[in-house]
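Chemist: So here's protein24.cif (mmCIF, C-alpha atoms and all ligand atoms).
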```
data_structure
#
loop_
_atom_site.label_atom_id
_atom_site.label_comp_id
_atom_site.auth_asym_id
_atom_site.auth_seq_id
_atom_site.Cartn_x
_atom_site.Cartn_y
_atom_site.Cartn_z
CA MET A 1 -0.40 -30.01 26.61
CA SER A 2 -0.20 -28.55 23.10
CA GLU A 3 -0.29 -24.82 22.61
CA THR A 4 -2.72 -23.28 20.10
CA ILE A 5 -1.03 -20.67 17.95
CA ILE A 6 -3.38 -18.05 16.54
CA PRO A 7 -1.85 -16.56 13.41
CA ALA A 8 -1.74 -12.80 13.62
CA ILE A 9 -2.95 -10.43 10.96
CA GLN A 10 -0.19 -8.12 9.76
CA MET A 11 -0.02 -5.02 7.59
CA THR A 12 2.23 -4.59 4.54
CA ALA A 13 2.78 -1.39 2.58
CA VAL A 14 3.07 -1.96 -1.17
CA VAL A 15 4.50 0.99 -3.07
CA ALA A 16 6.46 2.05 -6.14
CA MET A 17 8.52 5.17 -5.44
CA ALA A 18 10.87 7.26 -7.58
CA LYS A 19 14.32 8.16 -6.26
CA ASN A 20 12.95 11.52 -5.04
CA ARG A 21 10.19 9.63 -3.11
CA ILE A 22 7.46 10.76 -5.55
CA ILE A 23 4.73 8.14 -6.03
CA GLY A 24 2.32 10.05 -8.28
CA ASP A 25 0.96 13.45 -9.28
CA GLY A 26 -2.25 13.22 -7.23
CA ARG A 27 -4.19 11.83 -10.18
CA GLY A 28 -2.20 8.80 -11.26
CA LEU A 29 1.19 7.14 -11.62
CA LEU A 30 4.07 8.74 -13.52
CA TRP A 31 5.37 5.53 -15.12
CA HIS A 32 4.17 2.27 -16.56
CA LEU A 33 5.94 -0.82 -15.20
CA ARG A 34 4.24 -3.89 -16.56
CA ASP A 35 6.28 -6.30 -14.40
CA ASP A 36 5.59 -4.27 -11.24
CA LEU A 37 1.84 -4.35 -11.85
CA LYS A 38 2.03 -8.16 -12.01
CA ARG A 39 4.03 -8.19 -8.77
CA VAL A 40 1.50 -5.92 -7.06
CA LYS A 41 -1.30 -8.23 -8.17
CA ALA A 42 0.49 -11.29 -6.77
CA LEU A 43 1.34 -9.52 -3.48
CA THR A 44 -2.18 -8.21 -2.90
CA MET A 45 -4.49 -10.99 -4.13
CA GLY A 46 -6.78 -12.23 -1.33
CA CYS A 47 -6.12 -9.16 0.84
CA PRO A 48 -8.01 -6.04 1.87
CA LEU A 49 -6.49 -2.86 0.41
CA ILE A 50 -6.57 0.34 2.46
CA MET A 51 -6.46 3.31 0.12
CA GLY A 52 -7.27 7.01 0.05
CA ARG A 53 -10.16 8.34 -1.97
CA LYS A 54 -7.78 9.93 -4.50
CA THR A 55 -6.08 6.60 -5.12
CA TRP A 56 -9.51 4.99 -5.55
CA ASP A 57 -10.35 7.70 -8.10
CA SER A 58 -7.09 7.02 -9.95
CA ILE A 59 -7.96 3.30 -10.25
CA GLY A 60 -11.67 3.87 -10.81
CA ARG A 61 -12.88 0.36 -9.97
CA PRO A 62 -12.54 -2.36 -7.35
CA LEU A 63 -9.61 -4.71 -7.96
CA PRO A 64 -10.86 -8.30 -8.31
CA GLY A 65 -10.08 -10.79 -5.53
CA ARG A 66 -9.39 -7.98 -3.05
CA ALA A 67 -11.43 -5.60 -0.88
CA SER A 68 -11.18 -1.87 -1.57
CA ILE A 69 -11.36 -0.11 1.81
CA VAL A 70 -11.52 3.59 0.91
CA MET A 71 -10.76 6.37 3.40
CA THR A 72 -12.69 9.60 2.91
CA ARG A 73 -13.91 12.41 5.14
CA ASP A 74 -17.07 12.73 3.03
CA PRO A 75 -19.85 10.85 4.84
CA ASP A 76 -21.96 10.81 1.67
CA TRP A 77 -19.30 9.24 -0.55
CA VAL A 78 -20.34 5.99 -2.21
CA ALA A 79 -18.83 3.94 -5.01
CA GLU A 80 -19.85 0.53 -6.24
CA GLY A 81 -17.54 -2.16 -4.91
CA ALA A 82 -15.86 0.08 -2.31
CA TYR A 83 -16.13 0.04 1.49
CA ARG A 84 -16.15 3.64 2.77
CA VAL A 85 -14.37 4.28 6.09
CA ALA A 86 -13.85 7.52 8.04
CA ASP A 87 -10.32 7.04 9.39
CA ILE A 88 -7.40 4.62 9.68
CA SER A 89 -8.82 2.80 12.74
CA ALA A 90 -12.07 2.15 10.89
CA ALA A 91 -10.04 1.02 7.87
CA ILE A 92 -8.15 -1.52 10.01
CA THR A 93 -11.38 -2.78 11.61
CA ALA A 94 -13.08 -3.14 8.21
CA SER A 95 -10.00 -4.99 6.88
CA ILE A 96 -9.97 -7.45 9.80
CA ASP A 97 -13.72 -8.01 9.43
CA TRP A 98 -13.27 -8.73 5.70
CA ILE A 99 -10.45 -11.19 6.36
CA ASN A 100 -12.51 -12.98 9.01
CA ALA A 101 -15.56 -13.15 6.74
CA ASN A 102 -13.74 -14.47 3.67
CA GLU A 103 -12.46 -18.03 3.71
CA GLY A 104 -9.13 -18.12 1.94
CA ALA A 105 -8.33 -14.46 2.61
CA LYS A 106 -4.69 -13.88 3.49
CA LEU A 107 -3.88 -12.64 7.00
CA ASN A 108 -2.39 -9.53 5.51
CA ILE A 109 -3.78 -6.00 5.24
CA ILE A 110 -2.26 -4.03 2.38
CA LEU A 111 -1.52 -0.34 2.89
CA PHE A 112 -2.13 0.63 -0.74
CA GLY A 113 -1.58 4.39 -0.72
CA GLY A 114 -1.45 7.13 -1.71
CA GLY A 115 0.83 9.51 0.11
CA GLU A 116 -1.63 10.59 2.82
CA ILE A 117 -2.56 7.01 3.64
CA TYR A 118 1.05 5.73 3.74
CA ARG A 119 1.82 8.54 6.21
CA GLN A 120 -1.01 7.51 8.53
CA GLY A 121 -0.54 3.75 8.24
CA LEU A 122 3.19 3.09 8.06
CA ASP A 123 3.58 2.75 11.84
CA TYR A 124 1.32 -0.34 11.71
CA CYS A 125 3.35 -2.11 9.01
CA THR A 126 5.70 -5.03 9.60
CA ARG A 127 6.74 -5.07 5.96
CA ILE A 128 7.20 -2.76 2.99
CA GLU A 129 7.23 -4.23 -0.51
CA LEU A 130 9.07 -1.39 -2.20
CA THR A 131 9.77 -0.81 -5.87
CA VAL A 132 12.37 1.92 -6.37
CA VAL A 133 12.01 3.48 -9.81
CA ASP A 134 15.11 4.99 -11.39
CA LEU A 135 13.49 8.35 -12.16
CA LEU A 136 13.40 11.86 -10.67
CA PRO A 137 9.95 12.96 -11.86
CA ASP A 138 8.30 16.32 -11.36
CA GLY A 139 5.09 15.53 -9.46
CA GLY A 140 3.28 18.60 -10.78
CA THR A 141 1.17 20.85 -8.54
CA GLU A 142 -0.12 18.07 -6.23
CA PRO A 143 2.78 15.63 -5.89
CA ALA A 144 2.27 12.58 -3.66
CA TYR A 145 5.27 11.24 -1.73
CA PHE A 146 6.08 8.09 0.20
CA PRO A 147 6.98 9.20 3.77
CA ASP A 148 10.64 9.57 4.66
CA PHE A 149 10.98 6.72 7.16
CA ASN A 150 14.10 5.84 9.15
CA MET A 151 15.97 3.08 7.28
CA ALA A 152 17.68 2.07 10.53
CA ASP A 153 14.30 0.72 11.74
CA TRP A 154 14.09 -1.74 8.83
CA HIS A 155 15.98 -4.73 7.49
CA GLN A 156 16.46 -4.38 3.74
CA THR A 157 16.58 -7.20 1.20
CA ILE A 158 17.22 -6.39 -2.46
CA GLU A 159 15.03 -8.85 -4.37
CA ALA A 160 15.82 -8.03 -8.01
CA ASP A 161 17.18 -5.35 -10.33
CA MET A 162 15.10 -4.82 -13.43
CA PRO A 163 16.87 -3.16 -16.36
CA ALA A 164 15.38 -0.32 -18.40
CA ASP A 165 13.74 -1.23 -21.68
CA ALA A 166 11.93 0.59 -24.47
CA GLU A 167 8.80 1.22 -22.37
CA SER A 168 10.09 1.34 -18.77
CA PRO A 169 12.91 2.89 -16.73
CA ALA A 170 15.10 0.63 -14.59
CA PHE A 171 13.67 -0.31 -11.21
CA GLN A 172 14.56 -2.39 -8.17
CA TYR A 173 12.42 -4.62 -5.94
CA GLN A 174 13.15 -4.40 -2.23
CA THR A 175 11.53 -6.04 0.78
CA LEU A 176 11.86 -4.16 4.07
CA THR A 177 10.96 -5.90 7.32
CA ARG A 178 10.72 -4.33 10.73
CA PRO A 179 12.69 -6.23 13.39
CA VAL A 180 10.71 -4.68 16.25
CA ALA A 181 6.93 -4.95 16.67
CA PRO A 182 4.95 -2.24 14.89
CA ARG A 183 2.05 -0.32 16.38
CA PRO A 184 -0.61 -2.97 17.21
CA LEU A 185 -3.52 -3.28 14.80
CA THR A 186 -5.96 -3.77 17.66
CA THR A 187 -5.87 -2.70 21.28
CA ALA A 188 -7.88 -5.74 22.44
N1 LIG B 201 3.32 4.57 -6.74
C1 LIG B 201 2.49 3.91 -5.94
O1 LIG B 201 2.78 2.79 -5.47
C2 LIG B 201 1.17 4.53 -5.60
C3 LIG B 201 0.24 3.84 -4.80
C4 LIG B 201 -0.98 4.47 -4.50
C5 LIG B 201 -1.24 5.73 -4.99
N2 LIG B 201 -0.32 6.35 -5.75
C6 LIG B 201 -0.55 7.71 -6.25
O2 LIG B 201 -0.69 8.57 -5.14
C7 LIG B 201 -1.48 9.70 -5.54
C8 LIG B 201 -2.60 9.86 -4.54
O3 LIG B 201 -2.04 10.10 -3.25
P1 LIG B 201 -2.55 11.35 -2.36
O4 LIG B 201 -1.69 11.45 -1.15
O5 LIG B 201 -2.70 12.53 -3.25
O6 LIG B 201 -4.05 10.90 -1.98
P2 LIG B 201 -4.59 9.58 -1.25
O7 LIG B 201 -3.75 9.28 -0.05
O8 LIG B 201 -4.81 8.50 -2.24
O9 LIG B 201 -6.06 10.06 -0.82
C9 LIG B 201 -6.21 11.22 -0.04
C10 LIG B 201 -7.66 11.27 0.41
O10 LIG B 201 -7.89 10.24 1.37
C11 LIG B 201 -8.84 10.71 2.31
N3 LIG B 201 -8.21 10.74 3.64
C12 LIG B 201 -6.91 10.98 3.95
N4 LIG B 201 -6.73 10.92 5.29
C13 LIG B 201 -7.95 10.63 5.82
C14 LIG B 201 -8.41 10.43 7.14
N5 LIG B 201 -7.57 10.50 8.20
N6 LIG B 201 -9.70 10.14 7.34
C15 LIG B 201 -10.55 10.06 6.29
N7 LIG B 201 -10.18 10.23 5.00
C16 LIG B 201 -8.89 10.51 4.78
C17 LIG B 201 -9.28 12.09 1.86
O11 LIG B 201 -10.36 11.88 0.97
P3 LIG B 201 -11.55 12.97 0.78
O12 LIG B 201 -10.90 14.14 0.07
O13 LIG B 201 -12.57 12.27 -0.07
O14 LIG B 201 -12.07 13.31 2.15
C18 LIG B 201 -8.05 12.56 1.10
O15 LIG B 201 -8.32 13.60 0.17
C19 LIG B 201 -1.97 9.40 -6.95
O16 LIG B 201 -1.13 10.06 -7.88
C20 LIG B 201 -1.81 7.89 -7.06
O17 LIG B 201 -1.62 7.47 -8.40
C21 LIG B 201 0.88 5.79 -6.06
#
```
Output the structure of this file as structure tokens.
Modeler:
Amino acid sequence: MSETIIPAIQMTAVVAMAKNRIIGDGRGLLWHLRDDLKRVKALTMGCPLIMGRKTWDSIGRPLPGRASIVMTRDPDWVAEGAYRVADISAAITASIDWINANEGAKLNIILFGGGEIYRQGLDYCTRIELTVVDLLPDGGTEPAYFPDFNMADWHQTIEADMPADAESPAFQYQTLTRPVAPRPLTTA
């Protein structure tokens, strides 16, 4: 008798972080990395993106080919092209519903930031697609940070070193995978 394997939906954090863990100043990014933006697009296309309302504000529009699942505590918040959710559980449910409703969607939920949302969602992730930016920026009065996770829980692969050029600092692509199962996305 053959066994039916049901592919599982997983969660991946995608983030660019400076060497002091800063990811932004609360309003936007503190660097422009053209190559990284292309990588983010490739990694996230066909996926639901879970993001905080401040990150949504910093982007200002839905990203094509992806679902923008926006966490906010404001029950009256609306924005064209965004799915409002009240907490991380609702964000996961909305992401799974979107994947199931969209033929060709990837079985991957992207934890898209910012700092508050990475903190609440990292336990669910099996993977982190990490760009480490060779900078020590001042994040201003409302700095956003990637959480200080335990590296011993992750297997690290260095994918590529990108040298500095006239418009960008040097940066490094890393993929981190979690050898043990993360927190389950559903309790069913
Ligand atoms: N470098 C990167 O890869 C990267 C990626 C993403 C973002 N960023 C940067 O990160 C910064 C934003 O990060 P941030 O930490 O300041 O804000 P954020 O995580 O983007 O959004 C915070 C907001 O999310 C909502 N929220 C948080 N927890 C919630 C919960 N449990 N339930 C419901 N809503 C919840 C609240 O919205 P309300 O106030 O509306 O209630 C809160 O103010 C920006 O500078 C952005 O550019 C960087």
Chemist: Taking 2 positions as the minimum chain separation for residues in the same chain, which residues sit within 7 Å of region 92-97 of chain A when counting all atoms listed in the file? Answer as a PyMOL selection string.
Modeler: chain A and resi 48+88-90+99-101+109+185
Chemist: Would you write out those residues with C-alpha atoms, as a short mmCIF file (atom, residue, chain, number, x, y, z; two decimals), keeping the file's coordinate frame?
Modeler:
```cif
data_model
loop_
_atom_site.label_atom_id
_atom_site.label_comp_id
_atom_site.auth_asym_id
_atom_site.auth_seq_id
_atom_site.Cartn_x
_atom_site.Cartn_y
_atom_site.Cartn_z
CA PRO A 48 -8.01 -6.04 1.87
CA ILE A 88 -7.40 4.62 9.68
CA SER A 89 -8.82 2.80 12.74
CA ALA A 90 -12.07 2.15 10.89
CA ILE A 99 -10.45 -11.19 6.36
CA ASN A 100 -12.51 -12.98 9.01
CA ALA A 101 -15.56 -13.15 6.74
CA ILE A 109 -3.78 -6.00 5.24
CA LEU A 185 -3.52 -3.28 14.80
#
```
Chemist: Given the point (-0.4, 14.9, -10.9) in the file's coordinates, find the residues that have an atom at most 6 Å from it, counting only C-alpha atoms, and give them as a ChimeraX atom specification.
Modeler: /A:25-27,139-140,142-143
Chemist: Which one is closest to Ile128 (chain A): A:Ile23, A:Leu176, A:Met45, A:Ile110? Count all atoms listed in the file.
Modeler: A:Leu176
Chemist: As a PDB file with C-alpha atoms, in the coordinates of the input, please: the residues near Gly24 (chain A) (cut-off 9 Å, only C-alpha atoms, same-chain neighbours under 4 positions excluded).
Modeler:
```pdb
ATOM      1  CA  MET A  17       8.520   5.170  -5.440  1.00  0.00           C
ATOM      2  CA  GLY A  28      -2.200   8.800 -11.260  1.00  0.00           C
ATOM      3  CA  LEU A  29       1.190   7.140 -11.620  1.00  0.00           C
ATOM      4  CA  LEU A  30       4.070   8.740 -13.520  1.00  0.00           C
ATOM      5  CA  TRP A  31       5.370   5.530 -15.120  1.00  0.00           C
ATOM      6  CA  GLY A 114      -1.450   7.130  -1.710  1.00  0.00           C
ATOM      7  CA  GLY A 115       0.830   9.510   0.110  1.00  0.00           C
ATOM      8  CA  PRO A 137       9.950  12.960 -11.860  1.00  0.00           C
ATOM      9  CA  GLY A 139       5.090  15.530  -9.460  1.00  0.00           C
ATOM     10  CA  GLY A 140       3.280  18.600 -10.780  1.00  0.00           C
ATOM     11  CA  GLU A 142      -0.120  18.070  -6.230  1.00  0.00           C
ATOM     12  CA  PRO A 143       2.780  15.630  -5.890  1.00  0.00           C
ATOM     13  CA  ALA A 144       2.270  12.580  -3.660  1.00  0.00           C
ATOM     14  CA  TYR A 145       5.270  11.240  -1.730  1.00  0.00           C
TER      15      TYR A 145
END
```
Chemist: How far is it from CA of Ala8 (chain A) to CA of Cys47 (chain A), in Å with one decimal?
Modeler: 14.0 Å
